Amino acid sequence: MLTAKDSVDSNRSTGAPALELNEIQATVLRQRPAPYCGTHVILRIDEVRAGRELLRLLTPHVDSAAGWREAANAWLAVGISYSGLEALGVPRDSLESFPEAFRVGMAARARQLGDEGVNDPKNWEPPFGTRDVHIGLSAFSDSEEKRRRILAMAREQYERLSGISVLLTQDFGLQPGDLNPLGYKDGIDQPPIEGGGDEPRPGQGPPIKAGEFILGYAGEAGVPLPMPQPDVLGRNGTYVGLRKYQSRVGAFNRFLHANGRTDDERELLAAKLVGRWRSGAPLTLAPDVDNPAIGQDPHRNNDFTYANDPRGRQVPLGSHIRRMNPRDTELARLTDVNLHRVIRRGTTYGPPYDPNALSEKDDEVPRGAYFLFISAKAMATIEFLQQEWINDGNFIGAGNERDPIVGLQEKDATFTIPKAPVRRRVHGIETFNVLRGGEYFFMPSLSALKWLSELS
Amino acid sequence: MATETHTAPRADQELVVEQKIQKLRELYADAPDLRRVALEKGLPNLKRELAAATGTQNAGRIGARQGKVSELTGIFPFAKGGAKRLRGLLQLLEGNFKLADAVGTVHDMRFVFLDNDTKLLFATAYDGDWDAYISDFATKIPDALDLLFCDAVGWPGIRSPKVKDWIVEHQISAEAWYVANPNLTVAETRKLARVGKAVEQFLDNIG
């Protein structure tokens, strides 16, 4: 099965098993193109045979990670929820081999995820949180024209089957400068995956065992994570947590204006919240003024540690990037940072960030991001991140403070900016990104997609 | 984790307290005199506590929590010779648990040998949920944990995917759980100690 062409030579020297790249879906290992655009489609399977037929028709168009070196510029990704697997008639013992959190779905895990208040699943938009979400189909591309072409091809497959319903279609991307809904360059820091084939970028740190991200390989503890059965279904697959956020751009801008008198002050505050300037330049490398040249340069924009910044005077301990990847920060709890990393594919939708949007009406303009979090234990990792690194501050000694960008804020929330001689504590942090939906998908290998389409 | 406290209107609240007292009286109805008297005498104080909002939450899958502090209590049968080994190890440690310091969330631990050294009662107070960090323990301090628990019957090893279920199987939720400072984590306590010292130093310098 595995040919020399499909494996990555460097694995041989490290002794790590070569990844079966021709089996793994491209989206797992392939970065978002730049510029990027695409479409998410959510489908429901009304007839078991139509579901299997759809997978049979789509599978030839789902790219594998084997061609990652070629500038593939349009591809499909397919994820299947637990109720989707049920709708496909997957045998009971196989269904039961999936982890509990995946089986009950993201909405049912709201307590563990801290999705309460405005983020409570009862406030989600349809079809999220219902058992109707069966298949998540995503098209990625680097141009509008190619996006249209690949989507038309996919649509041709699902529209001709009477037993398939389209529940949601959402275009994303094509943002000026690929900025996220709050106006930042994003997606910079990705975990380095052993054998993933991607040239490690300066600052990524030593590679993490592939088994943390792809099923069937050894993880950081030296053993593979439990895998759904049979093997052909689980191996080379992974899980995706999808979370749809609505960005309250007006509230974010009002906060910046309330706490910064000039543009420069506001931009510095915005950079402190994230740990990077909007250009992507990290505060470690550009502490006082932005340096867009660093932000743009993939060889420099992630090349730093916190060795000289233990107290967070450059990158605040509670800032978004330091929470999501504390790197070498000394944490208050015994933590293996490598175990809690996740592959992130952010996809921004709606009108681009507008620094002059200040009204409450601007908070409800449909814009935000669909985040895909990919990991062989995505459910456990997302719950960990939500509980420990996003909606708590204990691990970095920040008390009750939460992630200022994606946290669910309580009343009178604050953000601490370490500074000499005394820190600055900013009040008025709100929930700037509100959760509007979420689902867990299993992202099967290409062989598993074939296996599913051939069930009888 | 955030929890909202709902305060019922005063009249409802009084009714609830009265109902609770009624239940208590029923519970103690056939108790010996001494206990009934104790209940009646203690009622004025009890009333205040009965009127307060619930203080206990769950700590993850099992165990009680108050604020940020959770309890884990478990009874673990010893494997053959296990009690002797563990007792020897604990005695040699002489109360030094540097690794627990490193974990950063452990308030206390106690190891009690029960029933003629056939079982271990292990009880600890810690911050947050333990199971979120079990994989961190498995890669960071696997040998220390295996050494402490390998004398229990059926210990699957800290790296085993079954270890969470195994612990939960042996865990007994505390019926009641009191914490003096439910919102002070180990990390916060250490920080307060540092801050306190710095303040004293500052006052020394200007005084």
# chains A, B, ... in the order shown; residues from 1 in each chain; ligands from 1
call {"tool": "interface_residues", "arguments": {"of": "chain A", "to": "chain B", "cutoff": "7 Å", "atoms": "only C-alpha atoms", "output": "NGL selection string"}}
result
:A and (221 or 332-336 or 384 or 394 or 397 or 399)
call {"tool": "residues_around", "arguments": {"residues": "Val112 in chain B", "least_positions_apart": "6", "cutoff": "9 Å", "atoms": "only C-alpha atoms", "output": "PyMOL selection string"}}
result
chain B and resi 119-123
call {"tool": "select_by_dssp", "arguments": {"residues": "range 88-121 of chain A", "states": "alpha helix (DSSP H)", "output": "PyMOL selection string"}}
result
chain A and resi 92-95+100-104+110-113
call {"tool": "write_last_selection", "arguments": {"atoms": "N, CA and C atoms", "output": "compact mmCIF listing (two decimals), in the first residue's frame"}}
result
# COMPACT_ATOMS: atom_id res chain seq x y z
N ARG A 92 -23.68 -1.56 14.99
CA ARG A 92 -23.77 -1.10 16.38
C ARG A 92 -22.43 -1.21 17.14
N ASP A 93 -21.75 -2.35 17.02
CA ASP A 93 -20.51 -2.50 17.80
C ASP A 93 -19.45 -1.51 17.34
N SER A 94 -19.52 -1.15 16.08
CA SER A 94 -18.59 -0.15 15.57
C SER A 94 -18.95 1.24 16.11
N LEU A 95 -20.25 1.55 16.11
CA LEU A 95 -20.70 2.84 16.65
C LEU A 95 -20.27 2.99 18.10
N GLU A 100 -17.31 8.53 23.99
CA GLU A 100 -18.59 9.04 24.52
C GLU A 100 -18.89 10.47 24.07
N ALA A 101 -17.92 11.37 24.19
CA ALA A 101 -18.18 12.78 23.88
C ALA A 101 -18.54 12.96 22.41
N PHE A 102 -17.97 12.12 21.56
CA PHE A 102 -18.30 12.19 20.13
C PHE A 102 -19.71 11.68 19.90
N ARG A 103 -20.07 10.61 20.61
CA ARG A 103 -21.38 10.00 20.39
C ARG A 103 -22.51 10.94 20.81
N VAL A 104 -22.36 11.61 21.93
CA VAL A 104 -23.46 12.47 22.38
C VAL A 104 -23.45 13.82 21.65
N ALA A 110 -22.12 20.55 26.67
CA ALA A 110 -22.04 21.98 26.98
C ALA A 110 -21.46 22.23 28.37
N ARG A 111 -21.81 21.40 29.33
CA ARG A 111 -21.31 21.62 30.69
C ARG A 111 -19.78 21.49 30.72
N GLN A 112 -19.28 20.42 30.08
CA GLN A 112 -17.83 20.21 30.08
C GLN A 112 -17.11 21.30 29.29
N LEU A 113 -17.80 21.85 28.30
CA LEU A 113 -17.17 22.86 27.45
C LEU A 113 -17.36 24.27 28.00
call {"tool": "residues_around", "arguments": {"residues": "Lys185 in chain A", "least_positions_apart": "3", "cutoff": "8 Å", "atoms": "only C-alpha atoms", "output": "short mmCIF file (atom, residue, chain, number, x, y, z; two decimals) with C-alpha atoms, in the first residue's frame"}}
result
data_model
loop_
_atom_site.label_atom_id
_atom_site.label_comp_id
_atom_site.auth_asym_id
_atom_site.auth_seq_id
_atom_site.Cartn_x
_atom_site.Cartn_y
_atom_site.Cartn_z
CA GLY A 177 -5.30 40.32 3.63
CA ASP A 178 -6.82 37.04 4.92
CA LEU A 179 -7.63 38.83 8.18
CA ASN A 180 -9.99 37.33 10.75
CA ILE A 188 0.07 31.47 12.07
CA ARG A 278 -2.90 42.74 13.61
CA SER A 279 -0.12 42.24 11.05
CA GLY A 280 0.76 38.95 12.75
#
call {"tool": "select_by_dssp", "arguments": {"residues": "range 38-75 of chain B", "states": "strand (DSSP E or B)", "output": "PDB file with C-alpha atoms, in the first residue's frame"}}
result
ATOM      1  CA  THR B  56     -21.471  21.836  46.634  1.00  0.00           C
ATOM      2  CA  GLN B  57     -20.962  21.086  42.945  1.00  0.00           C
ATOM      3  CA  ASN B  58     -19.653  18.073  41.108  1.00  0.00           C
ATOM      4  CA  ALA B  64     -17.623  16.834  45.235  1.00  0.00           C
ATOM      5  CA  ARG B  65     -16.402  20.363  44.639  1.00  0.00           C
ATOM      6  CA  GLN B  66     -16.739  23.664  46.422  1.00  0.00           C
ATOM      7  CA  VAL B  69     -11.500  22.929  45.206  1.00  0.00           C
ATOM      8  CA  SER B  70     -12.474  19.291  44.626  1.00  0.00           C
ATOM      9  CA  GLU B  71     -12.150  16.154  46.698  1.00  0.00           C
ATOM     10  CA  LEU B  72     -11.067  12.696  45.661  1.00  0.00           C
ATOM     11  CA  THR B  73     -11.615   9.842  48.085  1.00  0.00           C
ATOM     12  CA  GLY B  74     -11.037   6.235  47.144  1.00  0.00           C
ATOM     13  CA  ILE B  75     -10.584   2.836  48.716  1.00  0.00           C
TER      14      ILE B  75
END
call {"tool": "residues_around", "arguments": {"residues": "range 289-301 of chain A", "least_positions_apart": "3", "cutoff": "12 Å", "atoms": "only C-alpha atoms", "output": "ChimeraX atom specification"}}
result
/A:34,177-179,184-190,199-204,264-265,267-272,275-286,304-305,314
call {"tool": "residues_around", "arguments": {"residues": "range 48-59 of chain A", "least_positions_apart": "6", "cutoff": "9 Å", "atoms": "only C-alpha atoms", "output": "list in words"}}
result
Leu76, Val78, Gly84, Glu86, Ala87, Leu88, Gly89, Ala154, Gln157, Tyr158, Leu161, Ser162, Gly163, Ile164, Leu446, Leu449, Lys450, Leu452, Ser453, Glu454, Leu455 and Ser456 of chain A
call {"tool": "write_last_selection", "arguments": {"atoms": "N, CA and C atoms", "output": "PDB file, in the first residue's frame"}}
result
ATOM      1  N   LEU A  76     -11.686  19.031  -1.405  1.00  0.00           N
ATOM      2  CA  LEU A  76     -12.842  18.785  -0.539  1.00  0.00           C
ATOM      3  C   LEU A  76     -12.400  18.061   0.722  1.00  0.00           C
ATOM      4  N   VAL A  78     -14.342  15.828   3.982  1.00  0.00           N
ATOM      5  CA  VAL A  78     -15.613  15.238   4.404  1.00  0.00           C
ATOM      6  C   VAL A  78     -15.505  14.800   5.862  1.00  0.00           C
ATOM      7  N   GLY A  84     -24.623  10.952  11.808  1.00  0.00           N
ATOM      8  CA  GLY A  84     -24.378  10.634  10.405  1.00  0.00           C
ATOM      9  C   GLY A  84     -23.946   9.183  10.222  1.00  0.00           C
ATOM     10  N   GLU A  86     -24.701   6.811  12.232  1.00  0.00           N
ATOM     11  CA  GLU A  86     -25.921   6.018  12.460  1.00  0.00           C
ATOM     12  C   GLU A  86     -26.780   5.981  11.206  1.00  0.00           C
ATOM     13  N   ALA A  87     -26.926   7.169  10.571  1.00  0.00           N
ATOM     14  CA  ALA A  87     -27.777   7.258   9.379  1.00  0.00           C
ATOM     15  C   ALA A  87     -27.199   6.449   8.225  1.00  0.00           C
ATOM     16  N   LEU A  88     -25.878   6.214   8.260  1.00  0.00           N
ATOM     17  CA  LEU A  88     -25.251   5.403   7.207  1.00  0.00           C
ATOM     18  C   LEU A  88     -25.360   3.913   7.509  1.00  0.00           C
ATOM     19  N   GLY A  89     -25.949   3.594   8.652  1.00  0.00           N
ATOM     20  CA  GLY A  89     -26.140   2.191   9.010  1.00  0.00           C
ATOM     21  C   GLY A  89     -24.863   1.493   9.440  1.00  0.00           C
ATOM     22  N   ALA A 154     -19.265  19.161  -6.417  1.00  0.00           N
ATOM     23  CA  ALA A 154     -19.798  18.487  -5.231  1.00  0.00           C
ATOM     24  C   ALA A 154     -21.323  18.566  -5.209  1.00  0.00           C
ATOM     25  N   GLN A 157     -23.204  16.117  -7.124  1.00  0.00           N
ATOM     26  CA  GLN A 157     -23.331  14.796  -6.494  1.00  0.00           C
ATOM     27  C   GLN A 157     -24.468  14.783  -5.472  1.00  0.00           C
ATOM     28  N   TYR A 158     -24.511  15.799  -4.566  1.00  0.00           N
ATOM     29  CA  TYR A 158     -25.535  15.684  -3.521  1.00  0.00           C
ATOM     30  C   TYR A 158     -26.910  16.129  -3.965  1.00  0.00           C
ATOM     31  N   LEU A 161     -29.188  13.240  -5.581  1.00  0.00           N
ATOM     32  CA  LEU A 161     -29.680  12.163  -4.732  1.00  0.00           C
ATOM     33  C   LEU A 161     -30.883  12.653  -3.933  1.00  0.00           C
ATOM     34  N   SER A 162     -31.994  11.949  -4.039  1.00  0.00           N
ATOM     35  CA  SER A 162     -33.214  12.445  -3.395  1.00  0.00           C
ATOM     36  C   SER A 162     -33.152  12.265  -1.874  1.00  0.00           C
ATOM     37  N   GLY A 163     -32.351  11.355  -1.399  1.00  0.00           N
ATOM     38  CA  GLY A 163     -32.324  11.096   0.051  1.00  0.00           C
ATOM     39  C   GLY A 163     -31.327  11.929   0.815  1.00  0.00           C
ATOM     40  N   ILE A 164     -30.908  13.059   0.249  1.00  0.00           N
ATOM     41  CA  ILE A 164     -29.946  13.932   0.919  1.00  0.00           C
ATOM     42  C   ILE A 164     -30.537  15.339   0.995  1.00  0.00           C
ATOM     43  N   LEU A 446      -9.351   7.876   3.434  1.00  0.00           N
ATOM     44  CA  LEU A 446      -9.981   7.605   2.141  1.00  0.00           C
ATOM     45  C   LEU A 446     -10.477   6.157   2.073  1.00  0.00           C
ATOM     46  N   LEU A 449     -13.710   5.995   3.982  1.00  0.00           N
ATOM     47  CA  LEU A 449     -14.842   6.544   3.217  1.00  0.00           C
ATOM     48  C   LEU A 449     -15.373   5.479   2.255  1.00  0.00           C
ATOM     49  N   LYS A 450     -14.440   4.761   1.637  1.00  0.00           N
ATOM     50  CA  LYS A 450     -14.820   3.702   0.701  1.00  0.00           C
ATOM     51  C   LYS A 450     -15.558   2.596   1.473  1.00  0.00           C
ATOM     52  N   LEU A 452     -17.232   2.850   4.207  1.00  0.00           N
ATOM     53  CA  LEU A 452     -18.565   3.335   4.593  1.00  0.00           C
ATOM     54  C   LEU A 452     -19.520   3.299   3.398  1.00  0.00           C
ATOM     55  N   SER A 453     -18.999   3.657   2.213  1.00  0.00           N
ATOM     56  CA  SER A 453     -19.878   3.711   1.038  1.00  0.00           C
ATOM     57  C   SER A 453     -20.275   2.307   0.594  1.00  0.00           C
ATOM     58  N   GLU A 454     -19.492   1.308   1.017  1.00  0.00           N
ATOM     59  CA  GLU A 454     -19.778  -0.071   0.586  1.00  0.00           C
ATOM     60  C   GLU A 454     -20.493  -0.889   1.654  1.00  0.00           C
ATOM     61  N   LEU A 455     -20.916  -0.246   2.738  1.00  0.00           N
ATOM     62  CA  LEU A 455     -21.671  -0.977   3.773  1.00  0.00           C
ATOM     63  C   LEU A 455     -22.937  -1.540   3.159  1.00  0.00           C
ATOM     64  N   SER A 456     -23.376  -2.657   3.664  1.00  0.00           N
ATOM     65  CA  SER A 456     -24.658  -3.162   3.165  1.00  0.00           C
ATOM     66  C   SER A 456     -25.406  -3.838   4.299  1.00  0.00           C
TER      67      SER A 456
END
call {"tool": "closest_residue", "arguments": {"among": "B:Thr189, B:Asn116, B:Asn205, B:Thr124", "to": "Ser173 in chain B", "atoms": "only C-alpha atoms"}}
result
B:Thr124
call {"tool": "residues_around", "arguments": {"residues": "Met227 in chain A", "least_positions_apart": "6", "cutoff": "12 Å", "atoms": "only C-alpha atoms", "output": "count of residues only"}}
result
25
call {"tool": "decode", "arguments": {"residues": "range 46-69 of chain B", "atoms": "C-alpha atoms", "output": "short mmCIF file (atom, residue, chain, number, x, y, z; two decimals), in the first residue's frame"}}
result
data_model
loop_
_atom_site.label_atom_id
_atom_site.label_comp_id
_atom_site.auth_asym_id
_atom_site.auth_seq_id
_atom_site.Cartn_x
_atom_site.Cartn_y
_atom_site.Cartn_z
CA LEU B 46 -28.87 25.33 61.43
CA LYS B 47 -31.58 27.59 60.04
CA ARG B 48 -29.01 29.98 58.63
CA GLU B 49 -27.16 27.22 56.83
CA LEU B 50 -30.32 25.65 55.51
CA ALA B 51 -31.31 29.01 54.00
CA ALA B 52 -28.03 29.43 52.10
CA ALA B 53 -27.72 28.59 48.41
CA THR B 54 -26.24 25.22 47.60
CA GLY B 55 -22.47 25.20 48.02
CA THR B 56 -21.47 21.84 46.63
CA GLN B 57 -20.96 21.09 42.95
CA ASN B 58 -19.65 18.07 41.11
CA ALA B 59 -15.98 17.64 40.31
CA GLY B 60 -16.03 16.19 36.80
CA ARG B 61 -17.37 12.64 36.63
CA ILE B 62 -17.32 11.91 40.35
CA GLY B 63 -16.42 13.64 43.60
CA ALA B 64 -17.62 16.83 45.23
CA ARG B 65 -16.40 20.36 44.64
CA GLN B 66 -16.74 23.66 46.42
CA GLY B 67 -15.74 26.65 44.35
CA LYS B 68 -12.46 25.64 42.76
CA VAL B 69 -11.50 22.93 45.21
#
